[in-house]
Amino acid sequence: MITNLGIEENKEWKCLACDALLKLDKVRIDYMNGSFTVMLPCCPKCGMALVPEEIALGKMLEVEKLLEDK
Amino acid sequence: MDQQTLRRVEKQCIQEEAPACQSACPLHVDVRTFVLKVGQGKWNDAWKILDKTLPFPGILGRICHHPCQDACLRKNLGGSIGIGELEKICVDQPKPRIRTIPMPKKNYSMAVVGENLSSLVAALELLRKGYGVTLFTSRDRLGGSLWDMETLSGEIIEKELAVLGSLGLELEKEQDTLDISALLENGFSAVYIGLDTQDCNSLALSDTPDLKTFSLGQKGVFAGGIPDEQGNLLPLNQAFQGRAAALSMERFVQGVSLVEGRENEGPYPTRLFSNTEDITPLPMELPANAEKGYTIDEAKAEALRCIQCQCLECLKVCPYLAHYKGYPKKYAREIYNNATIVMGNHTANSMLNSCSLCGLCQEICPENFSMTDVCLDARQDLVQRKRMPPSAHEFALQDMDFSNSDQFMLLRHAPDQKKSRFAFFPGCQLAGSNPEHVIQTYSFLINTWEKDTGLMLQCCAAPAHWSGNETKTREAMGLLEQSWQKMGEPQMVLACSSCMDMFKKYLPQITVSSLWEIMDQCEIPDTACKKAGQTMVIHDPCTTRYESRMQEAVRSLASKLGIPVTELEFSREKTQCCGFGGLMENANPAMAKKQLEQRVNESELDFLTYCAMCRESLKGAGKPTAHLLDFIFPRKAEDENPGAREKVGLSQSRDNRTRLKKTILEQIWKETSKTRGDTALLISPEVQETLDQRRILHQDIRATIAHAQEETRKQMQSVVSGHFMACHRPFMVTFWVEYSPAETGYTIHNSYCHRMQIMGEHS
């Protein structure tokens, strides 16, 4: 299942090495015994993904805490 | 914690014990709730409370001698609540429909002899338990002496006793000629003889029942309804004896112990403590018409005088204990369940990690309940079973590793000394907060106190202990013991009370003294700030709770320094934690903030403390706070405010510790060391505050930029601002740094981190 974190299409960040604007794509993220597929801005060429600040401090933190208490 | 320990711990919390009124009542009527409902004008609820425990409430509610009133804690605060009168007016109200679920019928028949109250209650209790009951009487009607009472009308008696018939009571009109043994032989499993029915006395064959089980010598025969020591036969006691005997009869037919677990049957002294110190005396509400008793409004007013006794002493002083909307007994159970569940969420993790382990609850509790012990034990258990949430204490434990690394650790005899009779151990927090104070204090000790005082820079392992990681604690303690042996087993001079706590707990063979007691024996240095300033309040660190000598020394030093001090309400053995203790701030920053706010709001005055961590916490809450060393070794001129020093952030604390080692080696031992210059970071105070909140260190930022530039060349750039974004996962945390190159080094615009790991990219 792919979780949509409600991230809008990126217009600000580009991959420096590939010189390409990041585009939303599927990314697997893991913590402890949990694994999720989410949509994150990624480089369309090399695949490098960006975790935006509001996701890291919001949704992701919530999930981290839940997994830690599992 | 095993079941047995849980029971012992739970028993220590007395919040669920009965209030004095209830425990004084032989039938244990829930008087507190009853009075509460009357006060709220909820008569149906009040009726139901009486009906739950009082047999024939319409009768007993009018004639009981209310021993509850004598036990009432209002007694000397305006007079006991008029509970007896409240009962009367309650049972005068229309009785609500009360649904009871009948017990399944049991295949035993019981015989009850006599028509007086004890027999009627015994019969009622047995019928409600599902037994078949036959009542033997020589009279035409039930109730006996109840019919002689003025306060009871015949109508009430008949209405109340009708319940017996509806539950299936069988009547036999035979009494004097009864043969008890024959009853037992002819199908009755047990017999009750009501001695409050005169004619029945002969049936007991001069035997008297014991006052616990109400059994007679003959097996299966029970009796009650006997007068008290003064010779009074009180209805409440008759009812109690009938009920107690009925329980014994049930136990008898079940073949279980008659005596087990009956300690608190009948009146008993309660363990509940209810603080009446702040209760204002209120005079009794007297009925305008004494004969008629209370009106509805008068009854309500009287009921509202009720104190609603409960303990909750610990919740009054501890915001952490108050936060979870329960009390220690409930918390202990939740923590126990948290440890024993196999599936599902461990919902008490956050609670057990948020306690500051400060010990105030134990000091305040009338029964010495210790939340510290419960939480620490639970943390140790979680760590042992590898169930501790990694984020809870990771930062503090890494900080401890840093202090026990070459970057801070240092062991030295004093210059020109080959041995150390003493060793100064400032601890990591003082070193991180103010390295100059460590150097000044050490110089003071070797120059004016004892010249053979060595120096030990190291961590005392308190963070590991607080986190519940016993393995790590023992490792660090082992390292500390080794250092102490290398130094020639000196007597330790400690600046931090948490270090002292750790030495006493884990290395009791080492003699320790507090820096403050030593300083108090010495002349105050000439450079000390001795200008009388404004009055300050002393904040005792929570680890000095029972270190009264240290507390005295600090007050004596303050007096010598000419600092006018007053005491906080919560000081010395009742002192409050600053929110750092027990790693509260690491595991639950919001809770630590609450704790700190409560502490800070205790006084308008500036704080004076003698723990570096307390100073940092209090400063962080915006409270003007000075450390005692700020007065003893002021920065510049005497007229400077010694408490003006800013709060030290997390990165600065580490830098300070590294710098301390380098500087003290240069200044005291004339040893110079080469240090690699770190890349300069330009960080605004606002960004720095964010970094401290997120526990992101400068070393994390440097490592992230270096990783992006040197190792992976992978980074991003903003097409809007031109800023770079680098990412690095050096351990279980992924760091993101938004930066741009500056003339020397980098300008840091933002940084954040998360623990989840990006696995597949572009899958």
# chains A, B, ... in the order shown; residues from 1 in each chain; ligands from 1

$ interface_residues --of "chain A" --to "chain B" --cutoff "9 Å" --atoms "only C-alpha atoms" --output "PyMOL selection string"
chain A and resi 11-17+19+21+25-32+42-51+53+56-57+60-61+63-70

$ closest_residue --among "B:Asn44, B:Ser420, B:Thr690, B:Gln521" --to "Lys486 in chain B" --atoms "only C-alpha atoms"
B:Ser420

$ residues_around --residues "Asp92 in chain B" --least-positions-apart "2" --cutoff "12 Å" --atoms "only C-alpha atoms" --output "list of chain:residue names"
B:Trp43, B:Asn44, B:Ala46, B:Trp47, B:Pro57, B:Gly58, B:Ile59, B:Gly61, B:Arg62, B:Glu85, B:Leu86, B:Glu87, B:Lys88, B:Ile89, B:Cys90, B:Pro94, B:Lys95, B:Pro96, B:Thr151, B:Leu152, B:Ile156, B:Lys292, B:Gly293, B:Tyr294, B:Thr295, B:Ile296

$ write_last_selection --atoms "C-alpha atoms" --output "PDB file, in the first residue's frame"
ATOM      1  CA  TRP B  43     -31.701  11.665  44.814  1.00  0.00           C
ATOM      2  CA  ASN B  44     -32.164   8.606  42.635  1.00  0.00           C
ATOM      3  CA  ALA B  46     -28.170   8.616  46.296  1.00  0.00           C
ATOM      4  CA  TRP B  47     -30.938   6.041  46.834  1.00  0.00           C
ATOM      5  CA  PRO B  57     -32.540   0.706  53.156  1.00  0.00           C
ATOM      6  CA  GLY B  58     -35.959   2.164  53.942  1.00  0.00           C
ATOM      7  CA  ILE B  59     -35.662   0.697  57.424  1.00  0.00           C
ATOM      8  CA  GLY B  61     -31.800   4.454  56.569  1.00  0.00           C
ATOM      9  CA  ARG B  62     -34.163   5.647  59.299  1.00  0.00           C
ATOM     10  CA  GLU B  85     -30.353  13.013  58.673  1.00  0.00           C
ATOM     11  CA  LEU B  86     -29.324  12.914  55.015  1.00  0.00           C
ATOM     12  CA  GLU B  87     -30.113   9.205  54.924  1.00  0.00           C
ATOM     13  CA  LYS B  88     -33.542   9.863  56.377  1.00  0.00           C
ATOM     14  CA  ILE B  89     -34.492  12.495  53.842  1.00  0.00           C
ATOM     15  CA  CYS B  90     -33.115  10.326  51.048  1.00  0.00           C
ATOM     16  CA  PRO B  94     -39.652   8.061  46.113  1.00  0.00           C
ATOM     17  CA  LYS B  95     -37.542   4.941  45.621  1.00  0.00           C
ATOM     18  CA  PRO B  96     -36.256   4.635  42.032  1.00  0.00           C
ATOM     19  CA  THR B 151     -39.622   6.226  63.456  1.00  0.00           C
ATOM     20  CA  LEU B 152     -40.883   3.267  61.450  1.00  0.00           C
ATOM     21  CA  ILE B 156     -42.637   1.050  55.633  1.00  0.00           C
ATOM     22  CA  LYS B 292     -39.292  17.518  60.467  1.00  0.00           C
ATOM     23  CA  GLY B 293     -35.593  17.298  59.645  1.00  0.00           C
ATOM     24  CA  TYR B 294     -33.872  18.700  56.592  1.00  0.00           C
ATOM     25  CA  THR B 295     -35.703  20.222  53.660  1.00  0.00           C
ATOM     26  CA  ILE B 296     -34.342  19.291  50.236  1.00  0.00           C
TER      27      ILE B 296
END

$ residues_around --residues "Asp377 in chain B" --least-positions-apart "4" --cutoff "9 Å" --atoms "only C-alpha atoms" --output "JSON, numbers by chain"
{"B": [1, 372, 373, 381, 382, 468]}

$ closest_residue --among "B:Cys578, B:Leu167, B:Leu195, B:Leu480" --to "Pro319 in chain B" --atoms "only C-alpha atoms"
B:Cys578

$ select_by_dssp --residues "chain A" --states "strand (DSSP E or B)" --output "list in words"
Ile2, Thr3, Trp13, Lys14, Cys15, Ala20, Leu21, Lys23, Leu24, Asp25, Lys26, Val27, Arg28, Ile29, Asp30, Tyr31, Gly34, Ser35, Phe36, Thr37, Val38, Met39, Leu40, Pro41, Cys42 and Ala49 of chain A

$ write_last_selection --atoms "C-alpha atoms" --output "compact mmCIF listing (two decimals), in the first residue's frame"
# COMPACT_ATOMS: atom_id res chain seq x y z
CA ILE A 2 1.28 3.42 -0.88
CA THR A 3 0.76 6.12 1.71
CA TRP A 13 14.80 21.30 -5.15
CA LYS A 14 16.93 19.82 -7.88
CA CYS A 15 19.45 16.99 -7.78
CA ALA A 20 17.08 17.42 -12.57
CA LEU A 21 14.10 18.77 -10.60
CA LYS A 23 9.52 14.60 -8.86
CA LEU A 24 7.14 12.67 -6.54
CA ASP A 25 7.81 8.96 -6.69
CA LYS A 26 7.39 5.81 -4.60
CA VAL A 27 10.00 5.32 -1.86
CA ARG A 28 10.27 2.59 0.78
CA ILE A 29 11.00 3.79 4.30
CA ASP A 30 11.74 1.51 7.27
CA TYR A 31 11.95 1.84 11.03
CA GLY A 34 7.77 -1.24 10.21
CA SER A 35 8.04 -0.71 6.46
CA PHE A 36 6.04 1.72 4.35
CA THR A 37 5.93 2.90 0.77
CA VAL A 38 5.35 6.64 0.52
CA MET A 39 5.42 9.32 -2.17
CA LEU A 40 8.47 11.58 -1.77
CA PRO A 41 10.25 14.03 -4.07
CA CYS A 42 12.98 12.03 -5.86
CA ALA A 49 14.93 11.18 -2.22

$ atom_distance --atom1 "CA of Ile55 in chain A" --atom2 "CA of Thr747 in chain B"
23.6 Å

$ select_by_dssp --residues "range 264-508 of chain B" --states "helix (DSSP H, G or I)" --output "ChimeraX atom specification"
/B:296-303,313-317,319-323,328-340,349-354,360-364,371-384,394-403,428-433,435-449,462-467,470-486,497-506

$ closest_residue --among "B:Tyr108, B:Phe214, B:Tyr546, B:Phe633" --to "Leu184 in chain B" --atoms "only C-alpha atoms"
B:Tyr108

$ residues_around --residues "Gly488 in chain B" --least-positions-apart "6" --cutoff "10 Å" --atoms "only C-alpha atoms" --output "ChimeraX atom specification"
/B:413,418-423,454,482

$ residues_around --residues "Leu628 in chain B" --least-positions-apart "4" --cutoff "8 Å" --atoms "only C-alpha atoms" --output "ChimeraX atom specification"
/B:558,608-610,632

$ residues_around --residues "range 433-438 of chain B" --least-positions-apart "2" --cutoff "7 Å" --atoms "only C-alpha atoms" --output "PDB file with N, CA and C atoms, in the first residue's frame"
ATOM      1  N   PRO B 426      34.593  17.294  38.761  1.00  0.00           N
ATOM      2  CA  PRO B 426      33.567  18.314  38.529  1.00  0.00           C
ATOM      3  C   PRO B 426      32.305  17.773  37.874  1.00  0.00           C
ATOM      4  N   GLN B 429      28.414  18.046  33.562  1.00  0.00           N
ATOM      5  CA  GLN B 429      27.509  19.181  33.370  1.00  0.00           C
ATOM      6  C   GLN B 429      28.153  20.506  33.751  1.00  0.00           C
ATOM      7  N   LEU B 430      28.893  20.526  34.841  1.00  0.00           N
ATOM      8  CA  LEU B 430      29.575  21.764  35.217  1.00  0.00           C
ATOM      9  C   LEU B 430      30.622  22.107  34.159  1.00  0.00           C
ATOM     10  N   ALA B 431      31.327  21.077  33.680  1.00  0.00           N
ATOM     11  CA  ALA B 431      32.339  21.293  32.650  1.00  0.00           C
ATOM     12  C   ALA B 431      31.702  21.830  31.375  1.00  0.00           C
ATOM     13  N   GLN B 440      38.963  27.371  37.738  1.00  0.00           N
ATOM     14  CA  GLN B 440      39.111  28.237  38.915  1.00  0.00           C
ATOM     15  C   GLN B 440      38.945  27.446  40.211  1.00  0.00           C
ATOM     16  N   THR B 441      37.969  26.542  40.216  1.00  0.00           N
ATOM     17  CA  THR B 441      37.739  25.741  41.425  1.00  0.00           C
ATOM     18  C   THR B 441      38.936  24.828  41.692  1.00  0.00           C
ATOM     19  N   TYR B 442      39.436  24.216  40.627  1.00  0.00           N
ATOM     20  CA  TYR B 442      40.567  23.306  40.801  1.00  0.00           C
ATOM     21  C   TYR B 442      41.792  24.069  41.313  1.00  0.00           C
ATOM     22  N   ALA B 612      24.873  22.533  38.014  1.00  0.00           N
ATOM     23  CA  ALA B 612      25.015  23.172  36.705  1.00  0.00           C
ATOM     24  C   ALA B 612      23.811  22.878  35.819  1.00  0.00           C
ATOM     25  N   LEU B 629      28.868  29.135  42.081  1.00  0.00           N
ATOM     26  CA  LEU B 629      30.213  29.474  41.594  1.00  0.00           C
ATOM     27  C   LEU B 629      30.231  30.797  40.836  1.00  0.00           C
ATOM     28  N   PHE B 633      33.382  32.768  41.878  1.00  0.00           N
ATOM     29  CA  PHE B 633      34.329  33.153  40.817  1.00  0.00           C
ATOM     30  C   PHE B 633      33.612  33.999  39.779  1.00  0.00           C
ATOM     31  N   VAL B 648      23.636  27.629  28.236  1.00  0.00           N
ATOM     32  CA  VAL B 648      24.581  26.984  27.322  1.00  0.00           C
ATOM     33  C   VAL B 648      23.846  25.913  26.519  1.00  0.00           C
ATOM     34  N   SER B 653      27.923  22.927  25.027  1.00  0.00           N
ATOM     35  CA  SER B 653      28.307  22.118  26.184  1.00  0.00           C
ATOM     36  C   SER B 653      29.413  21.131  25.796  1.00  0.00           C
ATOM     37  N   ASN B 656      32.573  23.082  25.120  1.00  0.00           N
ATOM     38  CA  ASN B 656      33.147  23.514  26.397  1.00  0.00           C
ATOM     39  C   ASN B 656      33.946  22.405  27.059  1.00  0.00           C
ATOM     40  N   ARG B 657      33.426  21.202  26.973  1.00  0.00           N
ATOM     41  CA  ARG B 657      34.125  20.088  27.615  1.00  0.00           C
ATOM     42  C   ARG B 657      35.463  19.810  26.922  1.00  0.00           C
ATOM     43  N   LEU B 660      37.730  22.601  27.800  1.00  0.00           N
ATOM     44  CA  LEU B 660      38.198  22.516  29.188  1.00  0.00           C
ATOM     45  C   LEU B 660      39.445  21.653  29.275  1.00  0.00           C
TER      46      LEU B 660
END

$ closest_residue --among "B:Ile81, B:Leu117, B:Leu410, B:Ile439" --to "Thr663 in chain B" --atoms "only C-alpha atoms"
B:Ile439

$ atom_distance --atom1 "CA of Arg555 in chain B" --atom2 "CA of Glu602 in chain B"
19.1 Å
